[in-house]
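Quick look at query.txt (compact mmCIF, C-alpha atoms (C1' of nucleotides)):
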# COMPACT_ATOMS: atom_id res chain seq x y z
CA MET A 14 0.00 0.00 0.00
CA THR A 15 1.27 3.40 -0.91
CA THR A 16 1.12 6.67 0.96
CA HIS A 17 -2.00 8.41 -0.32
CA ILE A 18 -3.65 11.38 1.24
CA ALA A 19 -5.36 9.43 3.92
CA THR A 20 -6.75 12.23 6.02
CA PRO A 21 -8.79 14.65 3.99
CA ASP A 22 -7.26 17.46 5.98
CA LEU A 23 -8.35 20.60 4.23
CA THR A 24 -5.21 22.53 5.03
CA ARG A 25 -2.91 19.80 3.87
CA LEU A 26 -4.91 19.15 0.72
CA ALA A 27 -4.90 22.84 -0.15
CA ARG A 28 -1.14 22.92 0.24
CA VAL A 29 -0.69 19.96 -2.08
CA PHE A 30 -2.84 21.60 -4.72
CA HIS A 31 -1.02 24.85 -4.28
CA ALA A 32 2.26 23.07 -4.88
CA LEU A 33 0.83 21.76 -8.13
CA SER A 34 -0.58 25.11 -9.21
CA ASP A 35 2.61 26.39 -10.79
CA GLU A 36 3.84 25.48 -14.25
CA THR A 37 7.46 25.37 -13.26
CA ARG A 38 6.68 22.95 -10.45
CA LEU A 39 4.53 20.80 -12.72
CA CYS A 40 7.44 20.63 -15.10
CA LEU A 41 9.73 19.59 -12.27
CA VAL A 42 7.32 16.85 -11.33
CA ALA A 43 7.24 15.69 -14.94
CA MET A 44 11.01 15.49 -15.04
CA LEU A 45 11.20 13.64 -11.77
CA ARG A 46 8.76 11.04 -13.03
CA ASP A 47 11.69 9.57 -14.93
CA GLY A 48 13.54 9.13 -11.68
CA GLU A 49 15.91 10.90 -9.39
CA ARG A 50 17.64 14.03 -10.64
CA CYS A 51 20.17 16.36 -9.17
CA VAL A 52 19.39 20.06 -9.01
CA CYS A 53 22.02 20.97 -11.54
CA ASP A 54 20.41 18.70 -14.10
CA LEU A 55 17.04 20.30 -13.43
CA THR A 56 18.35 23.84 -13.75
CA ALA A 57 20.13 22.94 -16.97
CA ALA A 58 17.05 21.32 -18.46
CA LEU A 59 14.69 24.10 -17.52
CA ASP A 60 17.20 26.85 -18.14
CA ALA A 61 16.14 28.38 -14.85
CA GLY A 62 18.05 30.16 -12.17
CA GLN A 63 19.37 27.90 -9.44
CA SER A 64 17.80 30.00 -6.74
CA ARG A 65 14.47 29.80 -8.49
CA LEU A 66 14.41 26.02 -8.67
CA SER A 67 15.55 25.76 -5.11
CA PHE A 68 12.50 27.75 -4.13
CA HIS A 69 10.11 25.57 -6.11
CA LEU A 70 11.70 22.33 -4.95
CA LYS A 71 11.31 23.53 -1.40
CA THR A 72 7.63 24.17 -2.05
CA LEU A 73 7.14 20.71 -3.51
CA LYS A 74 9.02 19.17 -0.62
CA ALA A 75 6.95 21.05 1.95
CA ALA A 76 3.84 19.65 0.31
CA GLY A 77 5.24 16.16 0.68
CA LEU A 78 5.43 15.57 -3.04
CA VAL A 79 9.19 15.27 -3.47
CA GLN A 80 12.07 14.19 -1.29
CA ASP A 81 15.76 15.01 -1.43
CA ARG A 82 18.94 13.16 -0.74
CA ARG A 83 22.40 14.63 -0.35
CA GLU A 84 25.41 13.01 -1.87
CA GLY A 85 28.62 14.93 -1.71
CA ARG A 86 27.88 18.38 -2.98
CA TRP A 87 24.91 17.25 -5.01
CA ALA A 88 21.30 17.18 -3.98
CA TYR A 89 19.13 14.58 -5.63
CA TYR A 90 15.39 15.05 -5.78
CA SER A 91 12.79 12.42 -6.47
CA LEU A 92 9.04 11.99 -6.23
CA VAL A 93 7.61 10.66 -3.01
CA PRO A 94 6.14 7.28 -3.99
CA GLY A 95 2.37 7.32 -4.03
CA ALA A 96 2.14 10.99 -3.19
CA PHE A 97 0.07 11.61 -6.28
CA ASP A 98 -2.25 8.66 -5.94
CA GLY A 99 -5.83 9.32 -5.08
CA LEU A 100 -5.78 13.04 -5.61
CA ASP A 101 -9.30 13.11 -6.97
CA ASP A 102 -10.35 10.63 -4.33
CA ALA A 103 -9.08 13.08 -1.76
CA VAL A 104 -11.27 15.79 -3.19
CA ALA A 105 -14.20 13.44 -3.19
CA ALA A 106 -13.47 12.63 0.42
CA ILE A 107 -13.65 16.13 1.83
CA SER A 108 -16.37 15.64 4.34
CA PRO A 109 -18.67 18.18 5.86
CA GLY A 110 -16.96 17.27 9.08
CA SER A 111 -13.45 18.12 7.93
CA ALA A 112 -14.77 21.30 6.47
CA ILE A 113 -16.39 22.35 9.69
CA ARG A 114 -13.20 22.16 11.63
CA THR A 115 -11.25 24.36 9.29
CA VAL A 116 -13.66 27.02 8.20
CA LYS A 117 -15.27 29.42 10.60
CA ALA A 118 -18.75 28.17 11.17
CA ARG A 119 -20.80 25.15 10.43
CA CYS A 120 -20.41 24.12 6.85
CA CYS A 121 -22.58 21.82 4.79
CA MET B 9 -17.06 8.57 -20.63
CA THR B 10 -16.84 11.74 -18.62
CA THR B 11 -15.08 14.97 -19.33
CA HIS B 12 -11.60 14.51 -17.88
CA ILE B 13 -8.64 16.69 -18.48
CA ALA B 14 -7.82 15.23 -21.81
CA THR B 15 -5.01 17.51 -22.85
CA PRO B 16 -2.29 17.71 -20.27
CA ASP B 17 -2.03 21.41 -20.97
CA LEU B 18 0.30 22.71 -18.32
CA THR B 19 -1.36 26.09 -18.07
CA ARG B 20 -4.84 24.70 -17.75
CA LEU B 21 -3.78 22.05 -15.28
CA ALA B 22 -2.06 24.65 -13.13
CA ARG B 23 -5.20 26.76 -13.10
CA VAL B 24 -7.33 23.83 -11.97
CA PHE B 25 -4.92 23.08 -9.16
CA HIS B 26 -4.84 26.71 -8.20
CA ALA B 27 -8.61 26.71 -7.95
CA LEU B 28 -8.34 23.79 -5.54
CA SER B 29 -5.54 25.32 -3.51
CA ASP B 30 -7.77 27.35 -1.22
CA GLU B 31 -9.58 25.99 1.82
CA THR B 32 -12.65 28.08 1.27
CA ARG B 33 -12.95 26.80 -2.27
CA LEU B 34 -12.38 23.22 -1.19
CA CYS B 35 -15.18 23.66 1.29
CA LEU B 36 -17.42 25.01 -1.44
CA VAL B 37 -16.65 22.00 -3.56
CA ALA B 38 -17.47 19.74 -0.65
CA MET B 39 -20.82 21.42 -0.17
CA LEU B 40 -21.65 21.23 -3.85
CA ARG B 41 -20.95 17.52 -3.87
CA ASP B 42 -24.36 17.12 -2.31
CA GLY B 43 -25.91 18.89 -5.26
CA GLU B 44 -26.86 22.29 -6.47
CA ARG B 45 -26.89 25.15 -3.97
CA CYS B 46 -27.77 28.80 -4.19
CA VAL B 47 -25.22 31.36 -3.12
CA CYS B 48 -27.23 32.49 -0.14
CA ASP B 49 -27.18 28.95 1.24
CA LEU B 50 -23.43 28.77 0.79
CA THR B 51 -22.78 32.08 2.49
CA ALA B 52 -25.03 31.09 5.37
CA ALA B 53 -23.33 27.72 5.80
CA LEU B 54 -19.80 29.09 5.62
CA ASP B 55 -20.59 32.27 7.47
CA ALA B 56 -18.64 34.16 4.85
CA GLY B 57 -19.16 37.49 3.21
CA GLN B 58 -21.22 37.41 0.05
CA SER B 59 -18.59 39.24 -1.91
CA ARG B 60 -15.97 36.79 -0.77
CA LEU B 61 -17.85 33.72 -1.92
CA SER B 62 -18.69 35.39 -5.17
CA PHE B 63 -14.98 35.78 -5.75
CA HIS B 64 -14.20 32.15 -4.97
CA LEU B 65 -17.10 30.84 -7.00
CA LYS B 66 -15.87 32.88 -9.91
CA THR B 67 -12.44 31.33 -9.51
CA LEU B 68 -13.88 27.82 -9.46
CA LYS B 69 -16.01 28.59 -12.46
CA ALA B 70 -13.08 30.00 -14.41
CA ALA B 71 -11.24 26.76 -13.78
CA GLY B 72 -14.18 24.83 -15.20
CA LEU B 73 -14.96 23.10 -11.93
CA VAL B 74 -18.38 24.58 -11.21
CA GLN B 75 -21.22 25.97 -13.26
CA ASP B 76 -23.97 28.37 -12.39
CA ARG B 77 -27.61 28.76 -13.29
CA ARG B 78 -29.81 31.78 -12.70
CA GLU B 79 -33.35 31.44 -11.49
CA GLY B 80 -35.11 34.60 -10.57
CA ARG B 81 -32.83 36.51 -8.26
CA TRP B 82 -31.05 33.40 -7.15
CA ALA B 83 -27.87 31.90 -8.56
CA TYR B 84 -27.45 28.16 -8.24
CA TYR B 85 -24.03 26.62 -8.41
CA SER B 86 -23.16 23.00 -9.02
CA LEU B 87 -20.14 20.90 -9.83
CA VAL B 88 -19.30 20.33 -13.46
CA PRO B 89 -19.81 16.59 -13.93
CA GLY B 90 -16.55 14.73 -14.33
CA ALA B 91 -14.42 17.79 -13.83
CA PHE B 92 -12.59 16.12 -10.99
CA ASP B 93 -12.02 12.80 -12.63
CA GLY B 94 -8.53 11.83 -13.59
CA LEU B 95 -6.74 14.57 -11.71
CA ASP B 96 -3.87 12.34 -10.77
CA ASP B 97 -3.88 10.83 -14.22
CA ALA B 98 -3.46 14.33 -15.58
CA VAL B 99 -0.38 14.82 -13.44
CA ALA B 100 0.96 11.49 -14.57
CA ALA B 101 0.35 12.55 -18.15
CA ILE B 102 2.42 15.70 -18.18
CA SER B 103 4.81 14.82 -20.91
CA PRO B 104 8.22 16.21 -21.60
CA GLY B 105 6.62 17.47 -24.77
CA SER B 106 3.94 19.53 -23.10
CA ALA B 107 6.51 20.84 -20.71
CA ILE B 108 8.81 21.98 -23.46
CA ARG B 109 6.21 24.16 -25.02
CA THR B 110 5.39 26.01 -21.85
CA VAL B 111 8.67 26.46 -20.11
CA LYS B 112 11.53 28.38 -21.58
CA ALA B 113 14.01 25.88 -22.85
CA ARG B 114 14.18 22.20 -23.46
CA CYS B 115 12.88 20.30 -20.50
CA CYS B 116 13.32 16.65 -19.60
C1' DC C 4 45.23 26.21 1.98
C1' DT C 5 43.00 27.93 -2.03
C1' DG C 6 39.75 27.87 -5.40
C1' DA C 7 35.95 25.93 -7.94
C1' DC C 8 31.55 23.91 -7.63
C1' DC C 9 26.76 22.80 -5.87
C1' DC C 10 23.11 24.30 -3.44
C1' DA C 11 20.26 26.64 0.31
C1' DT C 12 19.03 30.95 2.11
C1' DC C 13 18.37 35.82 2.33
C1' DA C 14 16.82 40.56 1.06
C1' DA C 15 14.48 43.32 -2.13
C1' DC C 16 11.21 44.03 -5.44
C1' DG C 17 7.14 43.49 -8.42
C1' DT C 18 3.15 40.76 -9.10
C1' DT C 19 -0.75 38.17 -7.86
C1' DT C 20 -4.19 36.81 -4.69
C1' DC C 21 -7.51 37.44 -1.09
C1' DT C 22 -10.49 40.28 1.85
C1' DT C 23 -13.53 44.03 2.91
C1' DG C 24 -16.93 47.43 2.20
C1' DA C 25 -19.43 50.15 -1.25
C1' DT C 26 -21.79 50.27 -5.48
C1' DT C 27 -24.59 48.50 -9.14
C1' DA C 28 -28.03 45.72 -11.41
C1' DA C 29 -31.93 42.92 -11.65
C1' DG C 30 -36.00 40.28 -9.66
C1' DG C 31 -39.94 40.15 -6.86
C1' DA C 32 -43.24 42.01 -3.40
C1' DT C 33 -46.22 45.66 -1.80
C1' DA D 10 -43.32 53.42 -8.39
C1' DT D 11 -40.92 52.18 -4.07
C1' DC D 12 -38.59 49.01 -1.37
C1' DC D 13 -36.26 44.79 -0.20
C1' DT D 14 -33.56 40.86 -1.61
C1' DT D 15 -29.94 38.38 -4.22
C1' DA D 16 -25.64 38.48 -6.23
C1' DA D 17 -21.97 40.39 -9.37
C1' DT D 18 -18.55 43.91 -9.63
C1' DC D 19 -15.46 47.50 -8.23
C1' DA D 20 -11.82 49.88 -5.54
C1' DA D 21 -8.53 49.81 -1.96
C1' DG D 22 -5.57 47.63 1.13
C1' DA D 23 -3.18 43.55 3.12
C1' DA D 24 -0.98 39.36 2.58
C1' DA D 25 1.14 35.71 0.01
C1' DC D 26 3.81 34.42 -3.96
C1' DG D 27 7.60 34.18 -7.35
C1' DT D 28 11.89 36.22 -9.29
C1' DT D 29 16.44 38.00 -9.08
C1' DG D 30 20.99 38.75 -7.46
C1' DA D 31 23.99 38.29 -3.50
C1' DT D 32 25.71 35.72 0.43
C1' DG D 33 27.16 31.70 2.95
C1' DG D 34 28.03 26.81 3.91
C1' DG D 35 29.61 22.47 2.64
C1' DT D 36 32.29 19.37 -0.60
C1' DC D 37 35.83 18.14 -3.53
C1' DA D 38 40.22 18.93 -6.49
C1' DG D 39 44.72 20.74 -6.94
Starting from the file, lay out its structure as structure tokens.
Amino acid sequence: MTTHIATPDLTRLARVFHALSDETRLCLVAMLRDGERCVCDLTAALDAGQSRLSFHLKTLKAAGLVQDRREGRWAYYSLVPGAFDGLDDAVAAISPGSAIRTVKARCC
Amino acid sequence: MTTHIATPDLTRLARVFHALSDETRLCLVAMLRDGERCVCDLTAALDAGQSRLSFHLKTLKAAGLVQDRREGRWAYYSLVPGAFDGLDDAVAAISPGSAIRTVKARCC
DNA sequence: CTGACCCATCAACGTTTCTTGATTAAGGAT
DNA sequence: ATCCTTAATCAAGAAACGTTGATGGGTCAG
């Protein structure tokens, strides 16, 4: 069994979607689908500033979508296995209950 | 067969994810899962300003996730059927090709 | 040790997004 | 016609976001 977004926590789900709401980050995800890559490869491929990619990779990592590994002076990023599974299921699973807790008043 | 996000258009996909990246909007989606609702019901349930919800509903509509229907002085919103299907598939389908076109240089 | 390299972080700036309150428009009731 | 209701839109401000260039820390080669 893979990771999934088990708890339909509204805050967490929103953060995941936010991480996926940027074209640069979507492109990073696409590249990482082929497997682990070091940052320098990513910057070369996207022709983007190193500082810029570092920012986006940090965002993806904070959302739990990618993970990094240090080796010498290189940093290798890869997708978190299963992190993308059940995204639409997660949306379908937002319950009135989970909504209540996050948003001000009673909801649904 | 439902609608789906057939073309893994990076820009469009990013906009859909952006629409889902806000807790208020996720809550709206959750409420609309039960069926059509008028705006006044939504504002009452979320205890949110009318202008605020109007903004978020507009965002969701622009992303193609909800649709509206006027009836008298009421506006009824509902989910666009199938708009949420295959979200993770869409992510999995971002191809190097589609990435190339959107981002500056060669990618992947 | 020195210098080159890889990468994260920071500060500054411009842009976008979200919120709030006021205005506008249109429907229905009296 | 006048008034109330529903909801979209606007304007203004606050907050979050993304970009850029500079700085700093850690790693390896010479």
Within 9 Å of chain B, which residues of chain D come that close, and what is the closest atom pair and distance in Å for each? Count only C-alpha atoms (C1' of nucleotides) and give it as CSV.
residue,atom,partner,partner_atom,distance
D:DT14,C1',B:Arg81,CA,8.0
D:DT15,C1',B:Arg81,CA,5.3
D:DA16,C1',B:Ala83,CA,7.3
D:DA17,C1',B:Ser62,CA,7.3
**Report entry** Within-10 Å shell of (44.5, 19.7, 1.7) in input frame, all atoms listed in the file, as a ChimeraX atom specification
**Finding:** /C:4-5 /D:38-39
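Atom to atom, CA of Asp96 (chain B) and CA of Leu100 (chain A) stand 5.5 Å apart.
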Would you pick out the contacts of DT32 (chain D) at 12 Å or less, using all atoms listed in the file, so that residues sharing its chain but fewer than 6 positions from it are not included, and give the list as a short mmCIF file (atom, residue, chain, number, x, y, z; two decimals) with C-alpha atoms (C1' of nucleotides), keeping the file's coordinate frame?
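Printed below is out22.cif as written:
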data_model
loop_
_atom_site.label_atom_id
_atom_site.label_comp_id
_atom_site.auth_asym_id
_atom_site.auth_seq_id
_atom_site.Cartn_x
_atom_site.Cartn_y
_atom_site.Cartn_z
"C1'" DA C 11 20.26 26.64 0.31
"C1'" DT C 12 19.03 30.95 2.11
"C1'" DC C 13 18.37 35.82 2.33
"C1'" DA C 14 16.82 40.56 1.06
#
At most 10 Å is the cut-off: for each residue in chain C with any atom that close to an atom of chain B, write down the nearest atom pair and the distance in Å rounded to one decimal, counting all atoms listed in the file, chain first then increasing number, as JSON lines.
{"residue": "C:DC21", "atom": "C1'", "partner": "B:Arg60", "partner_atom": "CA", "distance": 8.5}
{"residue": "C:DT22", "atom": "C1'", "partner": "B:Arg60", "partner_atom": "CA", "distance": 7.0}
{"residue": "C:DT23", "atom": "C1'", "partner": "B:Ser59", "partner_atom": "CA", "distance": 8.5}
{"residue": "C:DG24", "atom": "C1'", "partner": "B:Ser59", "partner_atom": "CA", "distance": 9.3}
{"residue": "C:DA29", "atom": "C1'", "partner": "B:Arg81", "partner_atom": "CA", "distance": 7.3}
{"residue": "C:DG30", "atom": "C1'", "partner": "B:Arg81", "partner_atom": "CA", "distance": 5.1}
{"residue": "C:DG31", "atom": "C1'", "partner": "B:Arg81", "partner_atom": "CA", "distance": 8.1}
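Counting all atoms listed in the file, the residue from A:Ala32, A:Leu41, A:Ala96, A:Ala58 that sits nearest to chain B is A:Ala58.
Interatomic distance, CA of Arg23 (chain B) against CA of Asp22 (chain A): 21.3 Å.
The set of protein, DNA and RNA residues with any counted atom at most 9 Å from (4.9, 24.6, -4.0) (all atoms listed in the file) reads Arg28, Val29, Phe30, His31, Ala32, Leu33, Ser34, Asp35, Arg38, Phe68, His69, Leu70, Lys71, Thr72, Leu73, Lys74, Ala75 and Ala76 of chain A.
Coordinates place C1' of DT18 (chain D) at a distance of 23.1 Å from CA of Leu87 (chain B).
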What are the centre and the three edge lengths of an axis-aligned box that wraps all atoms of region 41-58 of chain B in the file, given that 5 Å is added to every side, written as AutoDock Vina command-line options and rounded to one decimal in Å?
--center_x -23.2 --center_y 27.3 --center_z 0.5 --size_x 19.1 --size_y 30.4 --size_z 23.9
